[in-house]
$ cat input-v1.csv   # CSV, C-alpha atoms
chain,number,residue,atom,x,y,z
A,47,MET,CA,-14.5,-5.4,-46.3
A,48,ALA,CA,-13.4,-8.9,-45.2
A,49,ASP,CA,-12.0,-9.6,-48.7
A,50,ALA,CA,-10.0,-6.3,-48.6
A,51,LEU,CA,-8.7,-7.2,-45.2
A,52,SER,CA,-7.6,-10.6,-46.3
A,53,ARG,CA,-5.8,-9.2,-49.3
A,54,LEU,CA,-4.0,-6.7,-47.1
A,55,GLU,CA,-3.0,-9.5,-44.6
A,56,ARG,CA,-1.7,-11.6,-47.5
A,57,ARG,CA,0.4,-8.7,-48.8
A,58,VAL,CA,1.9,-8.1,-45.4
A,59,PHE,CA,2.7,-11.8,-45.0
A,60,GLU,CA,4.3,-12.0,-48.5
A,61,GLU,CA,6.5,-8.9,-47.8
A,62,VAL,CA,7.7,-10.4,-44.5
A,63,LEU,CA,8.6,-13.6,-46.3
A,64,LYS,CA,10.6,-11.7,-48.8
A,65,LEU,CA,12.6,-10.0,-46.1
A,66,CYS,CA,13.3,-13.3,-44.4
A,67,GLY,CA,15.6,-14.4,-47.2
A,68,LEU,CA,17.7,-11.3,-47.1
A,69,GLY,CA,20.6,-10.0,-45.1
A,70,GLU,CA,20.0,-7.2,-42.6
A,71,ASP,CA,21.4,-4.4,-44.9
A,72,GLU,CA,19.4,-5.6,-47.9
A,73,ALA,CA,16.2,-6.0,-45.8
A,74,THR,CA,16.6,-2.5,-44.6
A,75,LEU,CA,17.0,-1.2,-48.1
A,76,GLN,CA,13.9,-3.2,-49.3
A,77,LEU,CA,11.9,-1.7,-46.4
A,78,ALA,CA,12.9,1.8,-47.3
A,79,GLN,CA,11.9,1.2,-50.9
A,80,LEU,CA,8.5,-0.3,-49.8
A,81,GLU,CA,7.9,2.7,-47.5
A,82,LYS,CA,8.2,5.1,-50.5
A,83,LEU,CA,5.6,3.0,-52.4
A,84,ASP,CA,3.2,2.1,-49.6
A,85,PRO,CA,4.0,3.6,-46.1
A,86,ASP,CA,1.0,1.8,-44.4
A,87,LEU,CA,2.1,-1.6,-45.7
A,88,ALA,CA,5.7,-0.9,-44.8
A,89,SER,CA,4.7,0.0,-41.2
A,90,GLN,CA,2.8,-3.3,-40.8
A,91,VAL,CA,5.6,-5.3,-42.2
A,92,ARG,CA,8.1,-3.6,-39.7
A,93,ARG,CA,5.8,-4.5,-36.8
A,94,LEU,CA,5.4,-8.1,-37.8
A,95,ARG,CA,8.9,-8.9,-39.0
A,96,ARG,CA,10.6,-8.7,-35.6
A,97,PRO,CA,8.2,-11.0,-33.7
A,98,VAL,CA,8.3,-13.7,-36.3
A,99,ASP,CA,12.1,-13.5,-36.4
A,100,CYS,CA,12.0,-15.1,-39.8
A,101,LYS,CA,11.3,-18.6,-38.5
A,102,LEU,CA,9.0,-19.3,-41.4
A,103,GLN,CA,11.9,-20.4,-43.7
A,104,ILE,CA,12.4,-23.9,-42.2
A,105,GLU,CA,10.6,-26.1,-44.7
A,106,LEU,CA,13.7,-26.7,-47.0
A,107,PRO,CA,17.2,-27.3,-45.8
A,108,ASP,CA,20.2,-25.0,-46.3
A,109,PRO,CA,22.5,-25.2,-48.1
A,110,ALA,CA,20.8,-26.0,-51.4
A,111,PRO,CA,19.7,-29.6,-51.9
A,112,ASP,CA,22.1,-31.9,-53.8
A,113,PRO,CA,21.0,-31.9,-57.5
A,114,GLU,CA,20.9,-35.7,-57.3
A,115,SER,CA,18.1,-35.5,-54.7
A,116,LEU,CA,15.9,-33.3,-57.0
A,117,THR,CA,13.6,-34.7,-59.7
A,118,VAL,CA,12.3,-32.2,-62.2
A,119,PRO,CA,10.2,-33.7,-65.0
A,120,GLY,CA,11.5,-32.8,-68.4
A,121,PHE,CA,14.9,-31.6,-67.1
A,122,ALA,CA,18.3,-33.2,-66.5
A,123,SER,CA,21.9,-32.5,-65.6
A,124,LEU,CA,21.1,-30.1,-62.7
A,125,ASP,CA,23.9,-28.0,-61.4
A,126,TRP,CA,23.5,-25.5,-58.5
A,127,ILE,CA,24.6,-22.0,-59.5
A,128,GLY,CA,23.2,-19.7,-56.7
A,129,SER,CA,20.6,-18.9,-54.1
A,130,GLY,CA,18.2,-16.0,-53.6
A,131,GLY,CA,15.6,-14.7,-51.3
A,132,MET,CA,12.9,-17.1,-52.6
A,133,GLY,CA,15.0,-20.2,-53.2
A,134,TRP,CA,17.7,-21.8,-55.3
A,135,VAL,CA,18.8,-21.6,-58.9
A,136,TYR,CA,20.1,-24.5,-60.9
A,137,ARG,CA,21.5,-24.8,-64.4
A,138,ALA,CA,19.8,-27.7,-66.2
A,139,ARG,CA,19.1,-29.1,-69.7
A,140,GLN,CA,15.6,-29.2,-71.0
A,141,THR,CA,15.5,-32.7,-72.5
A,142,ASP,CA,12.9,-32.4,-75.2
A,143,LEU,CA,14.4,-29.2,-76.8
A,144,ASP,CA,18.0,-30.0,-75.7
A,145,ARG,CA,18.7,-26.4,-74.5
A,146,PRO,CA,20.2,-25.0,-71.3
A,147,VAL,CA,17.8,-23.4,-68.8
A,148,ALA,CA,17.9,-21.8,-65.4
A,149,LEU,CA,15.6,-23.5,-62.8
A,150,LYS,CA,14.4,-21.4,-59.9
A,151,ILE,CA,13.1,-23.7,-57.1
A,152,THR,CA,11.3,-22.2,-54.1
A,153,ARG,CA,12.4,-22.5,-50.5
A,154,TRP,CA,8.9,-22.4,-49.1
A,155,HIS,CA,5.5,-24.0,-50.0
A,156,VAL,CA,3.8,-20.6,-49.8
A,157,ASP,CA,6.2,-19.2,-52.5
A,158,GLY,CA,4.6,-21.4,-55.0
A,159,LEU,CA,1.9,-18.8,-55.4
A,160,LYS,CA,4.5,-16.1,-55.9
A,161,LEU,CA,6.3,-18.1,-58.5
A,162,HIS,CA,3.1,-18.6,-60.4
A,163,GLU,CA,2.5,-14.8,-60.3
A,164,GLU,CA,6.0,-14.2,-61.5
A,165,ALA,CA,5.5,-16.5,-64.4
A,166,THR,CA,2.1,-14.9,-65.2
A,167,ARG,CA,3.7,-11.4,-65.2
A,168,GLN,CA,6.7,-12.4,-67.4
A,169,ALA,CA,4.4,-14.3,-69.9
A,170,LYS,CA,3.1,-10.8,-70.8
A,171,PHE,CA,6.5,-9.7,-72.1
A,172,SER,CA,8.0,-10.0,-75.5
A,173,HIS,CA,11.3,-8.2,-75.4
A,174,PRO,CA,14.8,-9.3,-76.3
A,175,ASN,CA,16.2,-7.8,-73.0
A,176,ILE,CA,13.8,-9.5,-70.6
A,177,VAL,CA,14.5,-13.1,-69.7
A,178,PRO,CA,11.5,-15.3,-70.9
A,179,ILE,CA,9.9,-17.9,-68.7
A,180,TYR,CA,9.7,-21.3,-70.5
A,181,LEU,CA,7.7,-23.4,-68.0
A,182,ALA,CA,6.2,-23.6,-64.5
A,183,GLY,CA,5.8,-26.8,-62.7
A,184,ASN,CA,6.7,-28.9,-59.6
A,185,ALA,CA,10.0,-30.5,-58.7
A,186,LYS,CA,10.2,-33.4,-56.2
A,187,LEU,CA,12.4,-33.4,-53.2
A,188,SER,CA,12.2,-36.0,-50.4
A,189,GLY,CA,8.8,-37.2,-51.7
A,190,GLU,CA,7.3,-33.6,-51.6
A,191,GLU,CA,6.5,-31.2,-54.5
A,192,TRP,CA,8.2,-27.9,-54.7
A,193,PRO,CA,7.3,-25.3,-57.3
A,194,PHE,CA,9.8,-24.2,-59.9
A,195,LEU,CA,10.2,-21.9,-62.9
A,196,ALA,CA,12.3,-22.7,-66.0
A,197,MET,CA,13.7,-19.7,-67.8
A,198,GLU,CA,16.4,-18.7,-70.3
A,199,PHE,CA,19.8,-19.4,-69.0
A,200,ILE,CA,22.1,-16.4,-69.2
A,201,ASP,CA,25.8,-17.2,-69.2
A,202,GLY,CA,27.1,-13.8,-68.3
A,203,PRO,CA,28.0,-11.5,-65.4
A,204,PRO,CA,25.9,-8.7,-63.8
A,205,LEU,CA,25.7,-5.4,-65.6
A,206,THR,CA,28.3,-3.4,-63.6
A,207,GLN,CA,30.8,-6.3,-63.5
A,208,TYR,CA,30.5,-6.7,-67.3
A,209,ALA,CA,31.2,-3.0,-67.8
A,210,ASP,CA,34.3,-3.1,-65.5
A,211,LEU,CA,35.7,-6.4,-67.0
A,212,HIS,CA,35.5,-5.1,-70.5
A,213,ARG,CA,36.5,-1.5,-69.6
A,214,LEU,CA,33.6,0.0,-71.3
A,215,THR,CA,33.6,3.7,-72.2
A,216,PRO,CA,30.9,6.0,-70.8
A,217,ARG,CA,29.2,5.9,-74.3
A,218,GLU,CA,29.3,2.0,-74.3
A,219,ARG,CA,27.9,1.9,-70.8
A,220,LEU,CA,25.1,4.2,-71.7
A,221,ALA,CA,24.3,2.1,-74.8
A,222,LEU,CA,23.9,-1.0,-72.5
A,223,PHE,CA,21.8,0.9,-70.0
A,224,THR,CA,19.6,2.3,-72.8
A,225,LYS,CA,18.6,-1.3,-73.6
A,226,VAL,CA,17.8,-1.9,-69.9
A,227,CYS,CA,15.6,1.2,-69.8
A,228,ASP,CA,13.8,0.1,-73.0
A,229,ALA,CA,13.1,-3.3,-71.3
A,230,VAL,CA,11.8,-1.7,-68.2
A,231,HIS,CA,9.6,0.6,-70.2
A,232,HIS,CA,8.2,-2.4,-72.0
A,233,ALA,CA,7.3,-4.0,-68.6
A,234,HIS,CA,5.6,-0.7,-67.6
A,235,THR,CA,3.5,-0.7,-70.8
A,236,LYS,CA,2.3,-4.1,-69.7
A,237,GLY,CA,1.4,-2.8,-66.3
A,238,VAL,CA,4.3,-4.3,-64.3
A,239,VAL,CA,6.7,-2.5,-62.1
A,240,HIS,CA,9.9,-4.5,-61.3
A,241,ARG,CA,10.7,-3.0,-57.9
A,242,ASP,CA,14.0,-4.8,-57.5
A,243,LEU,CA,16.2,-3.5,-60.3
A,244,LYS,CA,19.9,-3.9,-59.4
A,245,PRO,CA,23.0,-5.2,-61.2
A,246,ALA,CA,22.5,-8.8,-59.9
A,247,ASN,CA,19.2,-8.8,-61.7
A,248,ILE,CA,20.6,-7.6,-65.0
A,249,LEU,CA,22.9,-10.1,-66.6
A,250,VAL,CA,24.9,-9.4,-69.8
A,251,ALA,CA,25.3,-12.0,-72.5
A,252,HIS,CA,26.5,-12.1,-76.1
A,253,VAL,CA,23.5,-13.4,-78.1
A,254,GLY,CA,24.2,-14.0,-81.7
A,255,ASP,CA,26.8,-11.3,-82.3
A,256,PRO,CA,29.8,-11.2,-79.9
A,257,ALA,CA,30.3,-7.6,-80.7
A,258,ARG,CA,26.7,-6.7,-79.4
A,259,PRO,CA,26.3,-7.6,-75.7
A,260,GLN,CA,22.7,-7.9,-74.6
A,261,PRO,CA,21.6,-7.0,-71.0
A,262,LYS,CA,18.9,-9.3,-69.7
A,263,VAL,CA,16.5,-8.2,-67.0
A,264,LEU,CA,15.3,-11.0,-64.8
A,265,ASP,CA,13.7,-11.8,-61.4
A,266,PHE,CA,10.3,-10.2,-61.4
A,267,GLY,CA,9.6,-12.1,-58.2
A,268,ILE,CA,8.6,-9.0,-56.2
A,269,ALA,CA,7.2,-7.0,-59.1
A,270,ARG,CA,3.8,-5.3,-58.7
A,271,ALA,CA,1.0,-5.3,-61.3
A,272,THR,CA,-0.5,-1.9,-61.7

$ encode --input "input-v1.csv" --output "C-alpha cells"
Amino acid sequence: MADALSRLERRVFEEVLKLCGLGEDEATLQLAQLEKLDPDLASQVRRLRRPVDCKLQIELPDPAPDPESLTVPGFASLDWIGSGGMGWVYRARQTDLDRPVALKITRWHVDGLKLHEEATRQAKFSHPNIVPIYLAGNAKLSGEEWPFLAMEFIDGPPLTQYADLHRLTPRERLALFTKVCDAVHHAHTKGVVHRDLKPANILVAHVGDPARPQPKVLDFGIARAT
C-alpha cells in the first residue's frame, strides 16, 4: 500500500512539474487531456498546482544558458535553437562521429529521471519516422551536472507549417499523415502512448530523396508505458 501511494504521489508531482513549464492555455489543454485518461490523477494535479504556483522551476536560469557556459562531453559547437516545458534544446556536433545532433538539457534536477525514462522508451523504437535517441548523459553548468539527451537533429519545420509552405494537396497531406500514423502505431506496438502529439512535435525533413519528405515524431517526454 505504501509503495502504491508513493508511486501515485510521484506521478502527481511529475504532472505538476510538466504544467509549470507551460503557458496557461497549453496547461489547461494538458489538464483536459489528462482528465480523459485519468480523472483521479487530474483532480489531484489541479489541487496541487495552484498552491505551489510553479515555484519549483528555479534551479536553472532563464533565458537559456549561454552555450559557452555548458560543457557536454563528446559534443561541441553548441547553438541554442529552442526551449520547452522540460528544458532547452541546442544544436551540436557529436565529435567522434562528426554528425549534427539535437541536445535536450533539462531545467530541473528532478527531470533527470524523466529524461532517462524518455530515452528508455525511445530505445524500444526502430522506425524511420520516429526520432532516435543517440545518447543520454550529464552536461556541466556552473560546476553542477544537468541531464541531457542527444538525438537526431531534424532540420525541418513542423508538419502543418511544411504543408502550407509547400502548398501540398490534400492527397499529399494525407500521404505525410499516413507516415505519422504508422510511426504512432509502431510506438503503440511497443506499449508506449505518446500523449503529446501536435505539429510542434512532428518535424518534416528531406532524408535521402528531396522528393520524399519524411515526418519525424519526437518528444516522448510525457509518454506513458502501457

$ atom_distance --input "input-v1.csv" --atom1 "atom CA of Val263 of chain A" --atom2 "atom CA of Leu243 of chain A"
8.2 Å

$ closest_residue --input "input-v1.csv" --among "A:Pro259, A:Ile151, A:His162, A:Val118" --to "Leu214 of chain A" --atoms "only C-alpha atoms"
A:Pro259

$ atom_distance --input "input-v1.csv" --atom1 "atom CA of Ala88 of chain A" --atom2 "atom CA of Ala73 of chain A"
11.7 Å

$ closest_residue --input "input-v1.csv" --among "A:Leu249, A:Glu72, A:Val62, A:Thr224" --to "Arg93 of chain A" --atoms "all atoms listed in the file"
A:Val62

$ closest_residue --input "input-v1.csv" --among "A:Leu205, A:Leu116, A:Ala185, A:Leu264" --to "Glu164 of chain A" --atoms "all atoms listed in the file"
A:Leu264

$ atom_distance --input "input-v1.csv" --atom1 "atom CA of Leu220 of chain A" --atom2 "atom CA of Ala251 of chain A"
16.2 Å

$ residues_around --input "input-v1.csv" --residues "Asp265 of chain A" --least-positions-apart "6" --cutoff "9 Å" --atoms "only C-alpha atoms" --output "tab-separated table (two decimals) with C-alpha atoms, keeping the file's coordinate frame"
chain	number	residue	atom	x	y	z
A	164	GLU	CA	6.00	-14.20	-61.50
A	177	VAL	CA	14.50	-13.10	-69.70
A	240	HIS	CA	9.90	-4.50	-61.30
A	242	ASP	CA	14.00	-4.80	-57.50
A	243	LEU	CA	16.20	-3.50	-60.30
A	247	ASN	CA	19.20	-8.80	-61.70
A	248	ILE	CA	20.60	-7.60	-65.00

$ closest_residue --input "input-v1.csv" --among "A:Thr141, A:Gln260, A:Asn175, A:Thr152" --to "Pro203 of chain A" --atoms "all atoms listed in the file"
A:Gln260

$ residues_near_point --input "input-v1.csv" --point "(10.8, -14.8, -67.2)" --cutoff "9 Å" --atoms "all atoms listed in the file" --output "count of residues only"
20

$ closest_residue --input "input-v1.csv" --among "A:Lys262, A:Pro85, A:Ala110, A:Gly120" --to "Cys227 of chain A" --atoms "only C-alpha atoms"
A:Lys262
